[in-house]
2 protein chains.
Amino acid sequence: MVPAERLGCGMATSLAKRARIIRTQGIVYRNIIKKQQPCVYAPPACGILSTMNPLEHIRHTLAHLLAQSVTELHPNAQLTLGPAIDNGFYYDIDFGTEKISDADLPKIEECMRKLLPTWNEFSAEEITKDAALARFANPYKAELINEIAGRGEKITAYTCGGFTDLCRGEHAEHPAKDIAPDSFKLDRVAGAYWRGDEKNPMLTRIYGLAFDTKEALDAYLTQRNEAEKRDHKKLGRELKLFTISPLVGAGLPLLQPRGAIIRREIEEYLWQLHKDKEYSRVWTPHLAKEALYETSGHAAKFGDELFRVSGKDEKFFMKPMNCPHHMQIFADNHFSYRDMPVRYFEPATVYRDEKTGQLAGLTRVRSITQDDGHLFCRVSQINEEVTTIVSIISEFYTTMNMMEGYWVSLSVRDADKSKYLGSDEVWNTAEEALESAARANNLNYKRVEGEATFYGPKLDFMFKDAIGRQWQLATIQCDFNLPERFDLSFINEKGEKERPVVIHRAISGSLERFMGILIEHTAGAFPLWLAPVQARVLPVSEKHVAYAKEVSDALKAADVRVDIDDANESLGKKIRAAKTEKIPYLLVVGDKEIESKSVSVDSRDHGKLDAFSVTDFITRATEEIRTRK
Amino acid sequence: MVPAERLGCGMATSLAKRARIIRTQGIVYRNIIKKQQPCVYAPPACGILSTMNPLEHIRHTLAHLLAQSVTELHPNAQLTLGPAIDNGFYYDIDFGTEKISDADLPKIEECMRKLLPTWNEFSAEEITKDAALARFANPYKAELINEIAGRGEKITAYTCGGFTDLCRGEHAEHPAKDIAPDSFKLDRVAGAYWRGDEKNPMLTRIYGLAFDTKEALDAYLTQRNEAEKRDHKKLGRELKLFTISPLVGAGLPLLQPRGAIIRREIEEYLWQLHKDKEYSRVWTPHLAKEALYETSGHAAKFGDELFRVSGKDEKFFMKPMNCPHHMQIFADNHFSYRDMPVRYFEPATVYRDEKTGQLAGLTRVRSITQDDGHLFCRVSQINEEVTTIVSIISEFYTTMNMMEGYWVSLSVRDADKSKYLGSDEVWNTAEEALESAARANNLNYKRVEGEATFYGPKLDFMFKDAIGRQWQLATIQCDFNLPERFDLSFINEKGEKERPVVIHRAISGSLERFMGILIEHTAGAFPLWLAPVQARVLPVSEKHVAYAKEVSDALKAADVRVDIDDANESLGKKIRAAKTEKIPYLLVVGDKEIESKSVSVDSRDHGKLDAFSVTDFITRATEEIRTRK
């Protein structure tokens, strides 16, 4: 949910940036998934992103082909908008009273494949407003045409295979040759309001998938299928990790005991990593007076994403981030250069008001617990501090088994320096410090110009999950703005006030979102240190329950999370139940085990193991927990 | 801040209850200290609590005596209200344009002592409204007289020593004999709005102190003096524990690193105590839709103490307590009798909108972190569960060195059973369960009839701090109401739905308030396990810094919180600084210590100790930390 770049004062990822990252690195799963925010990215006419890559040309072309096929099969259908999107394309169509369902798609798809060989080349023409209104005679196109004309822009129409649509261009040049007929597929039908506004008529949206090759399409379908099986909302219910209560509200998940264990383990691990690096924990309340966010600039910037709080005699905002609070903690000290850097850490919940309809599970929420931290340091200290944070990130994601395939965006200024706050000298030092830390740590990084925030350069970390999806998670951001706004200072060697730099950093980004990703990454089979139940003792029969209790007590004493299944069921059934719950270790105890004071171990990850003495099993388990393997 | 009795659904302590507790047990420091909420408790006329004890009679009498003395010395002064309060009495007086300060008090006090021997006996008379208006001819008394008459009540006047005041009675019968002249003292002057309403004129309030004897007065003054020295707001600043930021708001303290350490240690200790008793942690967000609190009944009950939160398309309340959230976590399971009891623990911050002017430090706040927990059990399980909670409370307060002089109020129903929810049978079982747990644990308890909440009986724990002040802290409350409102159930042995009982419990009450009390209880000299800095290494000179670092690293590796004072100062100065910070162990290192790989230990609590090898000191310190001595 939390776009990591928002941790500081960042705005939501720009469309341009999103497009660029997608172009250079494939899909990055961020806060907002395009198809869930229809039309936002669709410019007038058929909705092409302004600078597309070849695959996006193909997707855009297929939206045209879909439109032609629909009009052939449903002559009364009124076309509206049809852009390329992540993984494919869609077209929003008014079918009038006709009801279209997924069952109609094969026929339309067949028609697309039949027409494709006739789509040899696109031709473009500029037409007058009146000609356009005459040619695309439906109220939706008319609305678009009037808007384009109103802006004084050219109106263009593109034709291929005898089918013409209002369009700005950017297609596959020779569709019949460029598009493999088995590389696309119509996906599903959904409802969508005209231009995304619920006050407008409801249209039928037909989604299509399209890739360069059939193999890429199949790989995507496999990944999606796998993602559905791993869906954290489904697993969250099955494994009793969290609860969404209609009385509490959407986007405000409540953690069941098992979910709370995972969250706390992650949080404690993060704290351990920071504590070792001389960070201090702080604690701040979940709201503050409006004045705090007026000073910080967030009130103006975050606008309607802030929850407004009315008290009897004062007005507040729920905190949308922790930085301004941490500035207040810093400010209430008289630090000297000898105290710098000052490092605060606080895993704290912030609140942002996303639209109800866009909320889901743990990944799109209103309560966002950032593993937040702020460093106050001198410009000359940025390098060393960033190196420390990089080492924390690297250790954390190695433990989470997510380092493979990661990459880092080193986001720096572009040529238009007027957009940025702070002197050239400070910027150069900060950019160099980030880059040299990236180099020193052998990071797989890419320098991306123009991606810095206005308040400083940053490093954004993208990690891949087990099914190849890429997520933007950790971030390290330099900030020259907030120390200025809050007039922060420390006393330097000359006895003068000196302004510190602030470094915002988050490792997991948000605990809710990270947990959601982790559930899908592990498919609910959490590593031992995170597993809510680490071991289950299964007595073979009633008479082995006492010994099972003895084993369980010994494990508990060693801080292993253990339970006993003493239900009156067959051993086989108990084992199956435990496997559904993805419990790492099953310890079967019967006559033989009682006699030898041992347990028969069935490991979720390694299958049946030799019998262990209870002590030896405890040694194995606690070591595995301690090392977070 | 948090009245413990509010943890569940309780209302604020009633005046009657407050009076009763004060009567039976002396002063209990709760949420609201009377003198900070003037007039709320003052009934019409001169403001007598309806049923007073002898000391309150004396205090009330002295308010009359003060009034007479003031009118003798300041003939134009207009009398308004003058009740007995905790520790003494006050009178609110309109001095017109005359300015009265603390410097005027000795003269008034002298006058009181002069008049006292003439105050032999009170006489009472009932008078008509007109006579009263004529006799007490000032607008304040007129307002009171009209109100009394409006309610159809009798108007009475009381006379002693030739001075008459509008009054309902309850005085020391023979003041000259009953009141020792050295057992009272005028205390200070303050401003107070007429009837506590800021729209009314500002009056001058003269506070007096009064006790049975001079010794009791002196003891109170000594205690108050000690309390001022220990004031947690002052120590909080000096020891850098917390920050109140005007930009964040009153009653919303931010914890500095050192304060956050103390809080976390307490929280972790509480969790340890609960984890051992098979509680599960849960996590819930800090707001919920209005519907949740309408269902629970809190929206109606808490009224304007709730912070209202407006989102884009939904309305919420910040949570004023955790119970309704925990009910939702329980409800999203299908529990059977085999799963009961279900025990949730969550140290969670709730928010209540106290008036800005009433907020101070950590003890009167808007952000209240309860060490909250809810148990769902069968009626037959109450006894055992309460016993477990009592054992947790007892262990916690023994560790905190606060068990001496504690007492427990077993709050049960009174004769008017219509006021209470739930069957006689369930009430009897619950009351018996609480009482038998109290007996089995040898609690120093008192059965107080009519003190139960409408939703169930409870045990409230009062503890004394180091200077003898009594605080209401822990609570255990049975609740038959919320399970009903949320229609909670589990499946019993017969396969039927059975309603669980909920037990609310809090051990420290609120972490903020408890920390405030603890700072004053320890005067900032925290026991080792809580001390933010547990040891400081003091190198004798520059050349000993390297060894100091070595010692410090060894301590850090053993998880001892340690720092080094390597400032270019004399050892004496460094030691004095460390003592001001109340650091438990000072480890002096010079040539001798380097040679013998040792440290010279100066203990805050035990003075200079023998030299320790570094390893031996670590053993001593870690053992002291582990056992929380």
# chains A, B, ... in the order shown; residues from 1 in each chain; ligands from 1
call {"tool": "calpha_fit_rmsd", "arguments": {"fixed": "chain B", "moving": "chain A"}}
result
0.2 Å
call {"tool": "select_by_dssp", "arguments": {"residues": "region 47-204 of chain B", "states": "alpha helix (DSSP H)", "output": "ChimeraX atom specification"}}
result
/B:54-73,105-115,129-135,139-150,175-178
call {"tool": "interface_residues", "arguments": {"of": "chain A", "to": "chain B", "cutoff": "7 Å", "atoms": "only C-alpha atoms", "output": "ChimeraX atom specification"}}
result
/A:243,245,247-249,252,254-257,260,280-285,288-289,291-292,304,307-312,328-329,332,353,367
call {"tool": "select_by_dssp", "arguments": {"residues": "region 403-530 of chain B", "states": "strand (DSSP E)", "output": "PDB file with C-alpha atoms, in the first residue's frame"}}
result
ATOM      1  CA  TRP B 407      -5.623  -2.853  48.888  1.00  0.00           C
ATOM      2  CA  VAL B 408      -8.285  -4.187  46.574  1.00  0.00           C
ATOM      3  CA  SER B 409     -11.873  -3.109  46.151  1.00  0.00           C
ATOM      4  CA  LEU B 410     -14.113  -6.085  45.379  1.00  0.00           C
ATOM      5  CA  SER B 411     -16.904  -4.153  43.732  1.00  0.00           C
ATOM      6  CA  VAL B 412     -20.210  -6.004  43.803  1.00  0.00           C
ATOM      7  CA  TYR B 445      -9.564  -6.803  49.811  1.00  0.00           C
ATOM      8  CA  LYS B 446     -12.707  -5.053  50.896  1.00  0.00           C
ATOM      9  CA  ARG B 447     -16.150  -5.935  49.565  1.00  0.00           C
ATOM     10  CA  VAL B 448     -17.753  -2.689  48.393  1.00  0.00           C
ATOM     11  CA  GLU B 449     -21.456  -2.985  47.609  1.00  0.00           C
ATOM     12  CA  LYS B 458     -14.757  -6.280  39.435  1.00  0.00           C
ATOM     13  CA  LEU B 459     -11.577  -6.070  41.440  1.00  0.00           C
ATOM     14  CA  ASP B 460      -9.816  -2.679  41.509  1.00  0.00           C
ATOM     15  CA  PHE B 461      -6.271  -2.562  42.854  1.00  0.00           C
ATOM     16  CA  MET B 462      -4.851   0.455  44.718  1.00  0.00           C
ATOM     17  CA  PHE B 463      -1.101   0.715  45.237  1.00  0.00           C
ATOM     18  CA  LYS B 464       1.027   3.116  47.270  1.00  0.00           C
ATOM     19  CA  GLN B 470      -2.271   5.785  46.698  1.00  0.00           C
ATOM     20  CA  TRP B 471      -3.038   5.106  43.022  1.00  0.00           C
ATOM     21  CA  GLN B 472      -5.739   3.036  41.412  1.00  0.00           C
ATOM     22  CA  LEU B 473      -3.882   0.945  38.841  1.00  0.00           C
ATOM     23  CA  ALA B 474      -4.747  -2.655  38.005  1.00  0.00           C
ATOM     24  CA  THR B 475      -8.267  -3.867  37.384  1.00  0.00           C
ATOM     25  CA  ILE B 476     -10.098  -7.115  36.653  1.00  0.00           C
ATOM     26  CA  GLN B 477     -13.665  -6.743  35.394  1.00  0.00           C
ATOM     27  CA  CYS B 478     -16.292  -9.316  34.475  1.00  0.00           C
ATOM     28  CA  ASP B 479     -18.487  -8.287  31.566  1.00  0.00           C
ATOM     29  CA  PHE B 490     -18.780 -20.785  21.138  1.00  0.00           C
ATOM     30  CA  ILE B 491     -20.084 -24.315  20.675  1.00  0.00           C
ATOM     31  CA  LYS B 497     -24.158 -22.039  21.018  1.00  0.00           C
ATOM     32  CA  GLU B 498     -23.075 -20.781  24.448  1.00  0.00           C
ATOM     33  CA  VAL B 501     -18.167 -14.094  29.657  1.00  0.00           C
ATOM     34  CA  VAL B 502     -15.579 -11.443  28.882  1.00  0.00           C
ATOM     35  CA  ILE B 503     -12.971 -10.475  31.474  1.00  0.00           C
ATOM     36  CA  HIS B 504     -11.302  -7.102  30.914  1.00  0.00           C
ATOM     37  CA  ARG B 505      -7.984  -6.753  32.700  1.00  0.00           C
ATOM     38  CA  ALA B 506      -5.206  -4.232  32.823  1.00  0.00           C
ATOM     39  CA  ILE B 507      -2.116  -4.549  34.962  1.00  0.00           C
ATOM     40  CA  SER B 508      -0.400  -1.171  34.716  1.00  0.00           C
ATOM     41  CA  GLY B 509      -3.582   0.587  33.594  1.00  0.00           C
ATOM     42  CA  SER B 510      -1.987   2.859  31.050  1.00  0.00           C
TER      43      SER B 510
END
call {"tool": "closest_residue", "arguments": {"among": "B:Leu55, B:Leu65, B:Val551, B:Leu530", "to": "Ala172 (chain B)", "atoms": "only C-alpha atoms"}}
result
B:Leu55
call {"tool": "closest_residue", "arguments": {"among": "A:Pro539, A:Gly82, A:Pro320, A:Gly516", "to": "Lys141 (chain A)", "atoms": "only C-alpha atoms"}}
result
A:Gly82
call {"tool": "residues_around", "arguments": {"residues": "Lys129 (chain B)", "least_positions_apart": "3", "cutoff": "8 Å", "atoms": "only C-alpha atoms", "output": "PyMOL selection string"}}
result
chain B and resi 132-133+145-146+149+155
call {"tool": "atom_distance", "arguments": {"atom1": "CA of Cys111 (chain B)", "atom2": "CA of Ala84 (chain B)"}}
result
19.6 Å
call {"tool": "residues_around", "arguments": {"residues": "His232 (chain B)", "least_positions_apart": "4", "cutoff": "6 Å", "atoms": "only C-alpha atoms", "output": "ChimeraX atom specification"}}
result
/B:236,516,519-520
call {"tool": "residues_around", "arguments": {"residues": "Leu217 (chain A)", "least_positions_apart": "4", "cutoff": "9 Å", "atoms": "only C-alpha atoms", "output": "list in words"}}
result
Asn87, Asp182, Ser183, Phe184, Lys185, Leu209, Ala210, Phe211, Asp212, Thr213, Leu221 and Thr222 of chain A
call {"tool": "write_last_selection", "arguments": {"atoms": "N, CA, C and O atoms", "output": "short mmCIF file (atom, residue, chain, number, x, y, z; two decimals), in the first residue's frame"}}
result
data_model
loop_
_atom_site.label_atom_id
_atom_site.label_comp_id
_atom_site.auth_asym_id
_atom_site.auth_seq_id
_atom_site.Cartn_x
_atom_site.Cartn_y
_atom_site.Cartn_z
N ASN A 87 0.23 -5.89 -19.01
CA ASN A 87 -0.10 -7.26 -19.43
C ASN A 87 -1.05 -7.36 -20.62
O ASN A 87 -1.36 -8.46 -21.05
N ASP A 182 -0.91 -16.41 -31.42
CA ASP A 182 -1.09 -17.15 -30.16
C ASP A 182 -0.48 -16.39 -28.97
O ASP A 182 -0.37 -16.94 -27.88
N SER A 183 -0.10 -15.15 -29.17
CA SER A 183 0.55 -14.40 -28.08
C SER A 183 -0.45 -13.52 -27.33
O SER A 183 -0.08 -12.77 -26.45
N PHE A 184 -1.73 -13.57 -27.74
CA PHE A 184 -2.73 -12.79 -27.01
C PHE A 184 -3.96 -13.64 -26.70
O PHE A 184 -4.13 -14.73 -27.27
N LYS A 185 -4.82 -13.10 -25.87
CA LYS A 185 -5.95 -13.87 -25.36
C LYS A 185 -6.93 -12.90 -24.72
O LYS A 185 -6.50 -12.01 -23.98
N LEU A 209 -5.15 -10.06 -22.75
CA LEU A 209 -3.75 -10.22 -22.36
C LEU A 209 -2.92 -10.27 -23.62
O LEU A 209 -3.37 -10.86 -24.62
N ALA A 210 -1.74 -9.71 -23.62
CA ALA A 210 -0.91 -9.79 -24.82
C ALA A 210 0.56 -9.68 -24.45
O ALA A 210 0.94 -8.84 -23.62
N PHE A 211 1.35 -10.53 -25.04
CA PHE A 211 2.79 -10.54 -24.79
C PHE A 211 3.52 -10.69 -26.12
O PHE A 211 2.90 -10.82 -27.18
N ASP A 212 4.85 -10.69 -26.07
CA ASP A 212 5.62 -10.81 -27.31
C ASP A 212 5.43 -12.18 -27.96
O ASP A 212 5.38 -12.30 -29.16
N THR A 213 5.36 -13.19 -27.08
CA THR A 213 5.31 -14.56 -27.60
C THR A 213 4.27 -15.37 -26.82
O THR A 213 3.84 -14.97 -25.73
N LEU A 221 0.33 -16.47 -17.56
CA LEU A 221 -0.87 -17.16 -17.06
C LEU A 221 -0.51 -18.10 -15.91
O LEU A 221 -1.24 -18.20 -14.92
N THR A 222 0.64 -18.76 -16.04
CA THR A 222 1.09 -19.65 -14.97
C THR A 222 1.33 -18.84 -13.70
O THR A 222 0.91 -19.22 -12.61
#
call {"tool": "residues_around", "arguments": {"residues": "Phe617 (chain A)", "least_positions_apart": "2", "cutoff": "12 Å", "atoms": "only C-alpha atoms", "output": "PyMOL selection string"}}
result
chain A and resi 535+551-552+554-555+558+560+585-587+597-603+609-615+619-624
call {"tool": "write_last_selection", "arguments": {"atoms": "C-alpha atoms", "output": "compact mmCIF listing (two decimals), in the first residue's frame"}}
result
# COMPACT_ATOMS: atom_id res chain seq x y z
CA ALA A 535 5.93 -27.52 15.80
CA VAL A 551 7.51 -32.85 24.87
CA SER A 552 5.44 -29.73 24.33
CA ALA A 554 10.11 -28.87 26.98
CA LEU A 555 9.75 -27.04 23.65
CA ALA A 558 12.98 -23.34 24.95
CA VAL A 560 9.53 -22.87 20.55
CA TYR A 585 7.66 -29.63 12.14
CA LEU A 586 5.32 -32.46 13.09
CA LEU A 587 6.51 -34.50 16.04
CA LYS A 597 12.49 -40.25 25.04
CA SER A 598 12.44 -39.15 21.43
CA VAL A 599 10.21 -37.71 18.72
CA SER A 600 9.71 -38.82 15.11
CA VAL A 601 10.09 -35.71 13.04
CA ASP A 602 8.17 -34.97 9.83
CA SER A 603 9.53 -31.74 8.36
CA LEU A 609 13.73 -37.11 9.28
CA ASP A 610 15.44 -39.56 11.62
CA ALA A 611 14.10 -39.82 15.14
CA PHE A 612 15.49 -37.11 17.39
CA SER A 613 15.92 -37.09 21.12
CA VAL A 614 13.79 -34.27 22.48
CA THR A 615 16.93 -32.35 23.42
CA THR A 619 18.80 -27.80 19.61
CA ARG A 620 18.00 -28.13 15.91
CA ALA A 621 14.86 -26.02 16.08
CA THR A 622 16.25 -23.24 18.26
CA GLU A 623 19.34 -22.98 16.07
CA GLU A 624 17.15 -22.77 12.96
